[in-house]
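Participant: Data: target.cif, mmCIF, N, CA, C and O atoms.
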```cif
data_my_file
loop_
_atom_site.label_atom_id
_atom_site.label_comp_id
_atom_site.auth_asym_id
_atom_site.auth_seq_id
_atom_site.Cartn_x
_atom_site.Cartn_y
_atom_site.Cartn_z
N MET B 28 0.85 -1.18 0.00
CA MET B 28 0.00 0.00 0.00
C MET B 28 0.89 1.24 0.00
O MET B 28 1.93 1.27 0.64
N ALA B 29 0.47 2.24 -0.71
CA ALA B 29 1.23 3.49 -0.83
C ALA B 29 1.18 4.29 0.48
O ALA B 29 0.32 4.08 1.32
N ASP B 30 2.11 5.22 0.60
CA ASP B 30 2.13 6.12 1.75
C ASP B 30 0.91 7.03 1.72
O ASP B 30 0.33 7.27 0.66
N PRO B 31 0.55 7.60 2.88
CA PRO B 31 -0.60 8.51 2.92
C PRO B 31 -0.41 9.72 1.99
O PRO B 31 0.71 10.18 1.77
N MET B 32 -1.53 10.20 1.46
CA MET B 32 -1.50 11.40 0.64
C MET B 32 -1.38 12.61 1.55
O MET B 32 -1.81 12.57 2.71
N LYS B 33 -0.81 13.68 1.04
CA LYS B 33 -0.79 14.95 1.75
C LYS B 33 -1.88 15.81 1.13
O LYS B 33 -1.85 16.08 -0.07
N ILE B 34 -2.84 16.20 1.94
CA ILE B 34 -3.99 16.97 1.47
C ILE B 34 -4.05 18.29 2.22
O ILE B 34 -3.99 18.30 3.45
N ARG B 35 -4.18 19.38 1.48
CA ARG B 35 -4.36 20.70 2.08
C ARG B 35 -5.61 21.31 1.48
O ARG B 35 -5.79 21.31 0.25
N ALA B 36 -6.46 21.84 2.30
CA ALA B 36 -7.68 22.49 1.83
C ALA B 36 -7.87 23.78 2.63
O ALA B 36 -8.04 23.72 3.85
N GLN B 37 -7.82 24.91 1.95
CA GLN B 37 -7.93 26.23 2.59
C GLN B 37 -9.04 27.04 1.95
O GLN B 37 -9.14 27.12 0.73
N VAL B 38 -9.88 27.66 2.79
CA VAL B 38 -10.96 28.51 2.30
C VAL B 38 -10.46 29.94 2.18
O VAL B 38 -9.75 30.44 3.05
N SER B 39 -10.84 30.58 1.07
CA SER B 39 -10.56 32.00 0.85
C SER B 39 -11.81 32.59 0.20
O SER B 39 -12.08 32.33 -0.97
N GLY B 40 -12.59 33.32 0.99
CA GLY B 40 -13.87 33.83 0.50
C GLY B 40 -14.85 32.68 0.35
O GLY B 40 -15.05 31.90 1.27
N ASP B 41 -15.45 32.54 -0.84
CA ASP B 41 -16.38 31.43 -1.06
C ASP B 41 -15.73 30.28 -1.82
O ASP B 41 -16.40 29.35 -2.25
N THR B 42 -14.41 30.35 -1.99
CA THR B 42 -13.67 29.32 -2.74
C THR B 42 -12.72 28.57 -1.81
O THR B 42 -12.09 29.15 -0.94
N CYS B 43 -12.62 27.27 -2.05
CA CYS B 43 -11.69 26.43 -1.29
C CYS B 43 -10.64 25.90 -2.26
O CYS B 43 -10.98 25.33 -3.30
N GLU B 44 -9.38 26.10 -1.93
CA GLU B 44 -8.30 25.56 -2.75
C GLU B 44 -7.85 24.24 -2.14
O GLU B 44 -7.44 24.18 -0.99
N ILE B 45 -7.95 23.18 -2.93
CA ILE B 45 -7.56 21.84 -2.49
C ILE B 45 -6.31 21.42 -3.23
O ILE B 45 -6.28 21.45 -4.47
N LYS B 46 -5.27 21.05 -2.50
CA LYS B 46 -4.02 20.55 -3.09
C LYS B 46 -3.76 19.16 -2.54
O LYS B 46 -3.89 18.92 -1.34
N VAL B 47 -3.37 18.25 -3.44
CA VAL B 47 -3.16 16.86 -3.05
C VAL B 47 -1.84 16.36 -3.63
O VAL B 47 -1.58 16.52 -4.82
N LEU B 48 -1.00 15.77 -2.78
CA LEU B 48 0.21 15.08 -3.22
C LEU B 48 -0.06 13.59 -3.03
O LEU B 48 -0.30 13.13 -1.92
N MET B 49 -0.11 12.86 -4.16
CA MET B 49 -0.38 11.43 -4.13
C MET B 49 0.94 10.68 -4.26
O MET B 49 1.58 10.74 -5.30
N THR B 50 1.35 10.00 -3.21
CA THR B 50 2.59 9.24 -3.24
C THR B 50 2.38 7.96 -4.04
O THR B 50 1.60 7.09 -3.62
N HIS B 51 3.03 7.87 -5.21
CA HIS B 51 2.85 6.70 -6.07
C HIS B 51 4.01 6.65 -7.06
O HIS B 51 4.45 7.69 -7.55
N PRO B 52 4.52 5.45 -7.41
CA PRO B 52 5.67 5.36 -8.32
C PRO B 52 5.37 5.79 -9.76
O PRO B 52 6.27 6.25 -10.47
N MET B 53 4.14 5.65 -10.22
CA MET B 53 3.73 6.07 -11.56
C MET B 53 4.69 5.57 -12.65
O MET B 53 5.19 6.32 -13.46
N GLU B 54 4.92 4.26 -12.67
CA GLU B 54 5.78 3.64 -13.68
C GLU B 54 5.05 3.51 -15.02
O GLU B 54 3.90 3.07 -15.06
N THR B 55 5.73 3.84 -16.10
CA THR B 55 5.10 3.84 -17.43
C THR B 55 5.06 2.46 -18.08
O THR B 55 4.27 2.23 -18.98
N GLY B 56 5.95 1.58 -17.66
CA GLY B 56 6.04 0.26 -18.30
C GLY B 56 7.04 0.28 -19.45
O GLY B 56 7.20 -0.71 -20.16
N GLN B 57 7.75 1.39 -19.63
CA GLN B 57 8.73 1.51 -20.72
C GLN B 57 10.16 1.64 -20.23
O GLN B 57 11.10 1.58 -21.01
N ARG B 58 10.33 1.82 -18.92
CA ARG B 58 11.67 1.98 -18.35
C ARG B 58 12.27 0.62 -18.04
O ARG B 58 11.55 -0.33 -17.73
N LYS B 59 13.60 0.53 -18.13
CA LYS B 59 14.29 -0.73 -17.81
C LYS B 59 15.08 -0.54 -16.51
O LYS B 59 15.59 0.53 -16.23
N ASP B 60 15.18 -1.63 -15.75
CA ASP B 60 15.97 -1.57 -14.52
C ASP B 60 17.44 -1.80 -14.84
O ASP B 60 17.83 -1.90 -16.01
N THR B 61 18.27 -1.90 -13.82
CA THR B 61 19.72 -2.05 -14.02
C THR B 61 20.10 -3.35 -14.70
O THR B 61 21.18 -3.46 -15.29
N ASP B 62 19.23 -4.36 -14.64
CA ASP B 62 19.49 -5.65 -15.30
C ASP B 62 18.96 -5.68 -16.73
O ASP B 62 19.07 -6.69 -17.42
N GLY B 63 18.35 -4.58 -17.18
CA GLY B 63 17.82 -4.52 -18.54
C GLY B 63 16.40 -5.05 -18.69
O GLY B 63 15.89 -5.15 -19.79
N LYS B 64 15.77 -5.41 -17.56
CA LYS B 64 14.40 -5.91 -17.61
C LYS B 64 13.43 -4.73 -17.54
O LYS B 64 13.66 -3.76 -16.82
N VAL B 65 12.33 -4.84 -18.27
CA VAL B 65 11.32 -3.78 -18.27
C VAL B 65 10.62 -3.73 -16.92
O VAL B 65 10.20 -4.76 -16.39
N VAL B 66 10.52 -2.52 -16.35
CA VAL B 66 9.79 -2.32 -15.10
C VAL B 66 8.31 -2.28 -15.47
O VAL B 66 7.89 -1.47 -16.31
N PRO B 67 7.48 -3.14 -14.88
CA PRO B 67 6.06 -3.19 -15.25
C PRO B 67 5.33 -1.88 -14.98
O PRO B 67 5.65 -1.15 -14.04
N ALA B 68 4.34 -1.59 -15.82
CA ALA B 68 3.53 -0.39 -15.64
C ALA B 68 2.81 -0.44 -14.30
O ALA B 68 2.31 -1.48 -13.88
N HIS B 69 2.78 0.69 -13.62
CA HIS B 69 2.11 0.81 -12.33
C HIS B 69 1.79 2.29 -12.13
O HIS B 69 2.67 3.07 -11.77
N PHE B 70 0.54 2.66 -12.40
CA PHE B 70 0.17 4.08 -12.34
C PHE B 70 -1.27 4.26 -11.89
O PHE B 70 -2.10 3.35 -12.03
N ILE B 71 -1.57 5.43 -11.35
CA ILE B 71 -2.93 5.77 -10.93
C ILE B 71 -3.78 5.93 -12.19
O ILE B 71 -3.38 6.62 -13.13
N GLN B 72 -4.94 5.29 -12.19
CA GLN B 72 -5.85 5.41 -13.34
C GLN B 72 -6.98 6.40 -13.07
O GLN B 72 -7.31 7.19 -13.93
N THR B 73 -7.59 6.32 -11.90
CA THR B 73 -8.71 7.21 -11.58
C THR B 73 -8.53 7.77 -10.18
O THR B 73 -7.94 7.13 -9.31
N PHE B 74 -9.05 8.97 -9.97
CA PHE B 74 -9.08 9.55 -8.63
C PHE B 74 -10.37 10.31 -8.44
O PHE B 74 -11.02 10.71 -9.40
N ASN B 75 -10.74 10.50 -7.18
CA ASN B 75 -11.98 11.17 -6.83
C ASN B 75 -11.73 12.05 -5.62
O ASN B 75 -11.06 11.64 -4.68
N ILE B 76 -12.30 13.26 -5.66
CA ILE B 76 -12.25 14.16 -4.52
C ILE B 76 -13.68 14.49 -4.14
O ILE B 76 -14.48 14.89 -5.00
N ALA B 77 -14.00 14.31 -2.86
CA ALA B 77 -15.34 14.60 -2.38
C ALA B 77 -15.26 15.52 -1.17
O ALA B 77 -14.31 15.46 -0.39
N VAL B 78 -16.25 16.40 -1.05
CA VAL B 78 -16.38 17.27 0.12
C VAL B 78 -17.68 16.89 0.81
O VAL B 78 -18.75 16.95 0.20
N ASN B 79 -17.56 16.46 2.06
CA ASN B 79 -18.71 15.99 2.84
C ASN B 79 -19.51 14.92 2.08
O ASN B 79 -20.73 14.93 2.08
N GLY B 80 -18.80 14.02 1.39
CA GLY B 80 -19.43 12.92 0.69
C GLY B 80 -19.94 13.23 -0.71
O GLY B 80 -20.37 12.33 -1.42
N LYS B 81 -19.88 14.49 -1.12
CA LYS B 81 -20.35 14.87 -2.46
C LYS B 81 -19.14 15.03 -3.38
O LYS B 81 -18.23 15.83 -3.11
N THR B 82 -19.13 14.30 -4.50
CA THR B 82 -18.01 14.36 -5.44
C THR B 82 -17.91 15.75 -6.06
O THR B 82 -18.89 16.28 -6.57
N VAL B 83 -16.68 16.32 -6.00
CA VAL B 83 -16.43 17.61 -6.64
C VAL B 83 -15.45 17.48 -7.80
O VAL B 83 -15.42 18.34 -8.67
N VAL B 84 -14.64 16.42 -7.81
CA VAL B 84 -13.70 16.16 -8.91
C VAL B 84 -13.65 14.66 -9.15
O VAL B 84 -13.48 13.88 -8.21
N ASP B 85 -13.80 14.27 -10.41
CA ASP B 85 -13.61 12.89 -10.84
C ASP B 85 -12.55 12.95 -11.93
O ASP B 85 -12.78 13.60 -12.95
N GLY B 86 -11.39 12.35 -11.72
CA GLY B 86 -10.31 12.47 -12.69
C GLY B 86 -9.73 11.15 -13.15
O GLY B 86 -9.95 10.12 -12.52
N GLU B 87 -9.03 11.23 -14.28
CA GLU B 87 -8.33 10.08 -14.82
C GLU B 87 -6.87 10.45 -15.06
O GLU B 87 -6.57 11.58 -15.42
N CYS B 88 -5.98 9.48 -14.85
CA CYS B 88 -4.55 9.67 -15.09
C CYS B 88 -4.08 8.58 -16.05
O CYS B 88 -4.78 7.61 -16.28
N GLY B 89 -2.89 8.75 -16.53
CA GLY B 89 -2.27 7.75 -17.37
C GLY B 89 -0.81 7.60 -17.01
O GLY B 89 -0.32 8.23 -16.07
N PRO B 90 -0.08 6.79 -17.75
CA PRO B 90 1.32 6.54 -17.43
C PRO B 90 2.24 7.74 -17.65
O PRO B 90 3.38 7.73 -17.22
N SER B 91 1.76 8.78 -18.32
CA SER B 91 2.63 9.92 -18.60
C SER B 91 2.71 10.92 -17.44
O SER B 91 3.45 11.90 -17.51
N VAL B 92 1.96 10.69 -16.36
CA VAL B 92 1.99 11.58 -15.21
C VAL B 92 3.21 11.23 -14.35
O VAL B 92 3.53 10.06 -14.15
N SER B 93 3.88 12.26 -13.82
CA SER B 93 5.11 12.04 -13.07
C SER B 93 4.90 11.32 -11.74
O SER B 93 3.79 11.26 -11.22
N ARG B 94 6.00 10.80 -11.22
CA ARG B 94 5.99 10.13 -9.92
C ARG B 94 5.52 11.12 -8.85
O ARG B 94 5.82 12.30 -8.92
N ASN B 95 4.77 10.63 -7.88
CA ASN B 95 4.24 11.43 -6.77
C ASN B 95 3.54 12.70 -7.29
O ASN B 95 3.92 13.81 -6.97
N PRO B 96 2.48 12.52 -8.09
CA PRO B 96 1.82 13.68 -8.70
C PRO B 96 1.17 14.61 -7.67
O PRO B 96 0.72 14.17 -6.61
N VAL B 97 1.15 15.89 -8.01
CA VAL B 97 0.50 16.92 -7.20
C VAL B 97 -0.61 17.52 -8.05
O VAL B 97 -0.38 17.92 -9.20
N PHE B 98 -1.81 17.57 -7.49
CA PHE B 98 -2.95 18.16 -8.19
C PHE B 98 -3.52 19.28 -7.33
O PHE B 98 -3.51 19.20 -6.10
N GLY B 99 -4.03 20.31 -7.98
CA GLY B 99 -4.66 21.42 -7.27
C GLY B 99 -5.97 21.78 -7.93
O GLY B 99 -6.08 21.78 -9.17
N PHE B 100 -6.97 22.09 -7.11
CA PHE B 100 -8.30 22.42 -7.61
C PHE B 100 -8.89 23.53 -6.77
O PHE B 100 -8.61 23.63 -5.59
N LYS B 101 -9.74 24.35 -7.39
CA LYS B 101 -10.51 25.36 -6.66
C LYS B 101 -11.97 24.97 -6.76
O LYS B 101 -12.48 24.71 -7.85
N VAL B 102 -12.62 24.94 -5.60
CA VAL B 102 -14.01 24.50 -5.52
C VAL B 102 -14.81 25.55 -4.75
O VAL B 102 -14.35 26.01 -3.70
N LYS B 103 -15.97 25.91 -5.25
CA LYS B 103 -16.82 26.86 -4.54
C LYS B 103 -17.72 26.13 -3.57
O LYS B 103 -18.23 25.06 -3.86
N GLY B 104 -17.90 26.72 -2.39
CA GLY B 104 -18.87 26.20 -1.44
C GLY B 104 -18.36 25.64 -0.13
O GLY B 104 -18.99 25.86 0.90
N PRO B 105 -17.24 24.89 -0.11
CA PRO B 105 -16.82 24.30 1.17
C PRO B 105 -16.51 25.37 2.23
O PRO B 105 -16.10 26.47 1.90
N LYS B 106 -16.74 24.99 3.47
CA LYS B 106 -16.49 25.89 4.60
C LYS B 106 -15.48 25.24 5.54
O LYS B 106 -15.27 24.04 5.49
N ALA B 107 -14.87 26.05 6.38
CA ALA B 107 -13.93 25.53 7.37
C ALA B 107 -14.61 24.46 8.20
O ALA B 107 -15.76 24.60 8.61
N GLY B 108 -13.92 23.36 8.41
CA GLY B 108 -14.46 22.24 9.18
C GLY B 108 -15.05 21.13 8.33
O GLY B 108 -15.31 20.04 8.82
N ASP B 109 -15.31 21.41 7.03
CA ASP B 109 -15.83 20.37 6.14
C ASP B 109 -14.78 19.29 5.92
O ASP B 109 -13.58 19.55 6.06
N LYS B 110 -15.23 18.09 5.57
CA LYS B 110 -14.33 16.97 5.36
C LYS B 110 -14.06 16.75 3.88
O LYS B 110 -14.98 16.64 3.08
N VAL B 111 -12.76 16.70 3.51
CA VAL B 111 -12.35 16.42 2.13
C VAL B 111 -11.82 14.99 2.09
O VAL B 111 -10.95 14.62 2.90
N THR B 112 -12.34 14.19 1.17
CA THR B 112 -11.92 12.81 1.01
C THR B 112 -11.33 12.63 -0.38
O THR B 112 -11.96 13.01 -1.36
N VAL B 113 -10.12 12.10 -0.46
CA VAL B 113 -9.45 11.86 -1.74
C VAL B 113 -9.16 10.37 -1.85
O VAL B 113 -8.63 9.77 -0.91
N SER B 114 -9.52 9.79 -2.99
CA SER B 114 -9.24 8.36 -3.20
C SER B 114 -8.74 8.15 -4.62
O SER B 114 -9.05 8.93 -5.52
N TRP B 115 -7.93 7.10 -4.80
CA TRP B 115 -7.45 6.73 -6.13
C TRP B 115 -7.43 5.22 -6.28
O TRP B 115 -7.42 4.49 -5.30
N VAL B 116 -7.42 4.77 -7.55
CA VAL B 116 -7.29 3.36 -7.91
C VAL B 116 -6.26 3.28 -9.01
O VAL B 116 -6.29 4.07 -9.96
N ASP B 117 -5.30 2.34 -8.90
CA ASP B 117 -4.28 2.23 -9.95
C ASP B 117 -4.54 1.03 -10.87
O ASP B 117 -5.51 0.29 -10.67
N ASN B 118 -3.68 0.86 -11.86
CA ASN B 118 -3.88 -0.18 -12.87
C ASN B 118 -3.68 -1.59 -12.33
O ASN B 118 -3.99 -2.56 -13.00
N LYS B 119 -3.17 -1.74 -11.11
CA LYS B 119 -3.01 -3.06 -10.50
C LYS B 119 -4.15 -3.35 -9.52
O LYS B 119 -4.13 -4.36 -8.84
N GLY B 120 -5.11 -2.43 -9.43
CA GLY B 120 -6.24 -2.62 -8.54
C GLY B 120 -6.01 -2.12 -7.12
O GLY B 120 -6.90 -2.20 -6.28
N GLU B 121 -4.81 -1.61 -6.83
CA GLU B 121 -4.54 -1.05 -5.52
C GLU B 121 -5.32 0.25 -5.38
O GLU B 121 -5.56 0.94 -6.37
N GLN B 122 -5.70 0.57 -4.16
CA GLN B 122 -6.43 1.81 -3.93
C GLN B 122 -6.06 2.42 -2.60
O GLN B 122 -5.53 1.74 -1.72
N ARG B 123 -6.33 3.70 -2.49
CA ARG B 123 -6.02 4.43 -1.26
C ARG B 123 -7.05 5.52 -1.09
O ARG B 123 -7.47 6.15 -2.06
N THR B 124 -7.43 5.77 0.16
CA THR B 124 -8.34 6.85 0.50
C THR B 124 -7.80 7.56 1.73
O THR B 124 -7.41 6.90 2.69
N ASP B 125 -7.75 8.88 1.68
CA ASP B 125 -7.32 9.69 2.82
C ASP B 125 -8.26 10.87 2.99
O ASP B 125 -8.94 11.26 2.03
N GLU B 126 -8.30 11.42 4.20
CA GLU B 126 -9.19 12.53 4.51
C GLU B 126 -8.43 13.68 5.13
O GLU B 126 -7.38 13.48 5.75
N ALA B 127 -9.00 14.88 5.00
CA ALA B 127 -8.47 16.08 5.65
C ALA B 127 -9.65 16.98 5.96
O ALA B 127 -10.75 16.81 5.43
N THR B 128 -9.40 17.95 6.82
CA THR B 128 -10.42 18.91 7.20
C THR B 128 -10.09 20.26 6.57
O THR B 128 -8.93 20.69 6.58
N VAL B 129 -11.11 20.91 6.04
CA VAL B 129 -10.92 22.23 5.43
C VAL B 129 -10.56 23.23 6.52
O VAL B 129 -11.20 23.28 7.57
N GLY B 130 -9.52 24.02 6.27
CA GLY B 130 -9.07 25.01 7.25
C GLY B 130 -9.40 26.41 6.82
O GLY B 130 -9.90 26.71 5.78
#
```
Just give me the structure as structure tokens.
Facilitator:
Amino acid sequence: MADPMKIRAQVSGDTCEIKVLMTHPMETGQRKDTDGKVVPAHFIQTFNIAVNGKTVVDGECGPSVSRNPVFGFKVKGPKAGDKVTVSWVDNKGEQRTDEATVG
């Protein structure tokens, strides 16, 4: 299982800026290791961001996204104290879900 995501959510006026660092190797399947063997593809395929259980972002990734990707979004409506939930699923079926509180 991957390390926990780092999630920051800050309100400014009526907008909340959500930033997420997803710890993941994001292997393309085209790189070779030191022995010359191809490193198998391993990357996040889909992710979801929800505020208080309501989906605000549904995204897709591919193998061209860098290792440990960082995503940022601005969402209208969330208030301080609301719960932000971020989850992802990769091409091997692994998944991770983490939560943070809007500040």
Participant: Would you list the contacts of Ser93 of chain B as a short mmCIF file (atom, residue, chain, number, x, y, z; two decimals) with N, CA, C and O atoms, in the frame of the given file, taking every protein, DNA or RNA residue within 7 Å and counting all atoms listed in the file, but skipping same-chain residues closer than 5 positions in sequence?
Facilitator:
```cif
data_model
loop_
_atom_site.label_atom_id
_atom_site.label_comp_id
_atom_site.auth_asym_id
_atom_site.auth_seq_id
_atom_site.Cartn_x
_atom_site.Cartn_y
_atom_site.Cartn_z
N MET B 49 -0.11 12.86 -4.16
CA MET B 49 -0.38 11.43 -4.13
C MET B 49 0.94 10.68 -4.26
O MET B 49 1.58 10.74 -5.30
N HIS B 51 3.03 7.87 -5.21
CA HIS B 51 2.85 6.70 -6.07
C HIS B 51 4.01 6.65 -7.06
O HIS B 51 4.45 7.69 -7.55
N PRO B 52 4.52 5.45 -7.41
CA PRO B 52 5.67 5.36 -8.32
C PRO B 52 5.37 5.79 -9.76
O PRO B 52 6.27 6.25 -10.47
N MET B 53 4.14 5.65 -10.22
CA MET B 53 3.73 6.07 -11.56
C MET B 53 4.69 5.57 -12.65
O MET B 53 5.19 6.32 -13.46
#
```
Participant: Using the chain letters and numbers from this document, which residues of segment 58-93 of chain B does DSSP assign to strand (DSSP E), as a list in words?
Facilitator: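 Restricting segment 58-93 of chain B to strand (DSSP E) produces Ile71, Gln72, Thr73, Phe74, Asn75, Ile76, Ala77, Val78, Lys81, Thr82, Val83, Val84, Asp85, Gly86 and Glu87 of chain B.
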Participant: In terms of the shortest atom-to-atom distance over only C-alpha atoms, which of B:Val38, B:Val78, B:Val66, B:Val47 is closest to Lys106 of chain B?
Facilitator: B:Val38
Participant: Do you know which residues the PyMOL selection byres ((chain B and resi 31) around 8) returns on this file, as a short mmCIF file (atom, residue, chain, number, x, y, z; two decimals) with N, CA, C and O atoms, keeping the file's coordinate frame?
Facilitator:
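Result went into out_15.cif, see below:
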```cif
data_model
loop_
_atom_site.label_atom_id
_atom_site.label_comp_id
_atom_site.auth_asym_id
_atom_site.auth_seq_id
_atom_site.Cartn_x
_atom_site.Cartn_y
_atom_site.Cartn_z
N MET B 28 0.85 -1.18 0.00
CA MET B 28 0.00 0.00 0.00
C MET B 28 0.89 1.24 0.00
O MET B 28 1.93 1.27 0.64
N ALA B 29 0.47 2.24 -0.71
CA ALA B 29 1.23 3.49 -0.83
C ALA B 29 1.18 4.29 0.48
O ALA B 29 0.32 4.08 1.32
N ASP B 30 2.11 5.22 0.60
CA ASP B 30 2.13 6.12 1.75
C ASP B 30 0.91 7.03 1.72
O ASP B 30 0.33 7.27 0.66
N MET B 32 -1.53 10.20 1.46
CA MET B 32 -1.50 11.40 0.64
C MET B 32 -1.38 12.61 1.55
O MET B 32 -1.81 12.57 2.71
N LYS B 33 -0.81 13.68 1.04
CA LYS B 33 -0.79 14.95 1.75
C LYS B 33 -1.88 15.81 1.13
O LYS B 33 -1.85 16.08 -0.07
N ILE B 34 -2.84 16.20 1.94
CA ILE B 34 -3.99 16.97 1.47
C ILE B 34 -4.05 18.29 2.22
O ILE B 34 -3.99 18.30 3.45
N LEU B 48 -1.00 15.77 -2.78
CA LEU B 48 0.21 15.08 -3.22
C LEU B 48 -0.06 13.59 -3.03
O LEU B 48 -0.30 13.13 -1.92
N MET B 49 -0.11 12.86 -4.16
CA MET B 49 -0.38 11.43 -4.13
C MET B 49 0.94 10.68 -4.26
O MET B 49 1.58 10.74 -5.30
N THR B 50 1.35 10.00 -3.21
CA THR B 50 2.59 9.24 -3.24
C THR B 50 2.38 7.96 -4.04
O THR B 50 1.60 7.09 -3.62
N HIS B 51 3.03 7.87 -5.21
CA HIS B 51 2.85 6.70 -6.07
C HIS B 51 4.01 6.65 -7.06
O HIS B 51 4.45 7.69 -7.55
N ARG B 123 -6.33 3.70 -2.49
CA ARG B 123 -6.02 4.43 -1.26
C ARG B 123 -7.05 5.52 -1.09
O ARG B 123 -7.47 6.15 -2.06
N THR B 124 -7.43 5.77 0.16
CA THR B 124 -8.34 6.85 0.50
C THR B 124 -7.80 7.56 1.73
O THR B 124 -7.41 6.90 2.69
N ASP B 125 -7.75 8.88 1.68
CA ASP B 125 -7.32 9.69 2.82
C ASP B 125 -8.26 10.87 2.99
O ASP B 125 -8.94 11.26 2.03
#
```
Participant: Can you pull out the residues contacting Gly40 of chain B? Cut-off 7 Å, using only N, CA, C and O atoms, and skip same-chain residues under 2 positions away; I want them as a VMD selection string.
Facilitator: chain B and resid 38 42 to 43 104 to 105
Participant: Counting only C-alpha atoms, which residue out of B:Asn79, B:Gln72, B:Asn95, B:Glu54 sits closest to Ala127 of chain B?
Facilitator: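 Selected residue with least distance to Ala127 of chain B: B:Asn79.
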Participant: Can you work out the spacing between atom C of Thr112 of chain B and atom O of Arg94 of chain B in Å, to one decimal?
Facilitator: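 A separation of 19.2 Å between them.
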Participant: Do you have the atom CA of Ile71 of chain B-atom N of Gln57 of chain B distance handy?
Facilitator: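 For atom CA of Ile71 of chain B relative to atom N of Gln57 of chain B, the distance reads 14.5 Å.
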Participant: Applied to this file, what does the PyMOL selection byres (((chain B and resi 83 and name CA) around 10) and name CA) return in terms of residues, put as an MDAnalysis selection string?
Facilitator: chainID B and resid 75:82 84:85 100:103 111
Participant: Translate the PyMOL selection byres ((chain B and resi 56) around 8), as applied to the file shown, into an explicit residue set as a PyMOL selection string.
Facilitator: chain B and resi 53-55+57-59+64-70+90
Participant: Residues as selected, N, CA, C and O atoms, written as a CSV table (one decimal), in the frame of the given file, can you do that?
Facilitator:
```csv
chain,number,residue,atom,x,y,z
B,53,MET,N,4.1,5.6,-10.2
B,53,MET,CA,3.7,6.1,-11.6
B,53,MET,C,4.7,5.6,-12.6
B,53,MET,O,5.2,6.3,-13.5
B,54,GLU,N,4.9,4.3,-12.7
B,54,GLU,CA,5.8,3.6,-13.7
B,54,GLU,C,5.0,3.5,-15.0
B,54,GLU,O,3.9,3.1,-15.1
B,55,THR,N,5.7,3.8,-16.1
B,55,THR,CA,5.1,3.8,-17.4
B,55,THR,C,5.1,2.5,-18.1
B,55,THR,O,4.3,2.2,-19.0
B,57,GLN,N,7.8,1.4,-19.6
B,57,GLN,CA,8.7,1.5,-20.7
B,57,GLN,C,10.2,1.6,-20.2
B,57,GLN,O,11.1,1.6,-21.0
B,58,ARG,N,10.3,1.8,-18.9
B,58,ARG,CA,11.7,2.0,-18.4
B,58,ARG,C,12.3,0.6,-18.0
B,58,ARG,O,11.6,-0.3,-17.7
B,59,LYS,N,13.6,0.5,-18.1
B,59,LYS,CA,14.3,-0.7,-17.8
B,59,LYS,C,15.1,-0.5,-16.5
B,59,LYS,O,15.6,0.5,-16.2
B,64,LYS,N,15.8,-5.4,-17.6
B,64,LYS,CA,14.4,-5.9,-17.6
B,64,LYS,C,13.4,-4.7,-17.5
B,64,LYS,O,13.7,-3.8,-16.8
B,65,VAL,N,12.3,-4.8,-18.3
B,65,VAL,CA,11.3,-3.8,-18.3
B,65,VAL,C,10.6,-3.7,-16.9
B,65,VAL,O,10.2,-4.8,-16.4
B,66,VAL,N,10.5,-2.5,-16.4
B,66,VAL,CA,9.8,-2.3,-15.1
B,66,VAL,C,8.3,-2.3,-15.5
B,66,VAL,O,7.9,-1.5,-16.3
B,67,PRO,N,7.5,-3.1,-14.9
B,67,PRO,CA,6.1,-3.2,-15.2
B,67,PRO,C,5.3,-1.9,-15.0
B,67,PRO,O,5.6,-1.2,-14.0
B,68,ALA,N,4.3,-1.6,-15.8
B,68,ALA,CA,3.5,-0.4,-15.6
B,68,ALA,C,2.8,-0.4,-14.3
B,68,ALA,O,2.3,-1.5,-13.9
B,69,HIS,N,2.8,0.7,-13.6
B,69,HIS,CA,2.1,0.8,-12.3
B,69,HIS,C,1.8,2.3,-12.1
B,69,HIS,O,2.7,3.1,-11.8
B,70,PHE,N,0.5,2.7,-12.4
B,70,PHE,CA,0.2,4.1,-12.3
B,70,PHE,C,-1.3,4.3,-11.9
B,70,PHE,O,-2.1,3.4,-12.0
B,90,PRO,N,-0.1,6.8,-17.8
B,90,PRO,CA,1.3,6.5,-17.4
B,90,PRO,C,2.2,7.7,-17.6
B,90,PRO,O,3.4,7.7,-17.2
```
Participant: Rounded to one decimal, what separation in Å do you get between atom N of Asp60 of chain B and atom CA of Asp117 of chain B?
Facilitator: 20.7 Å
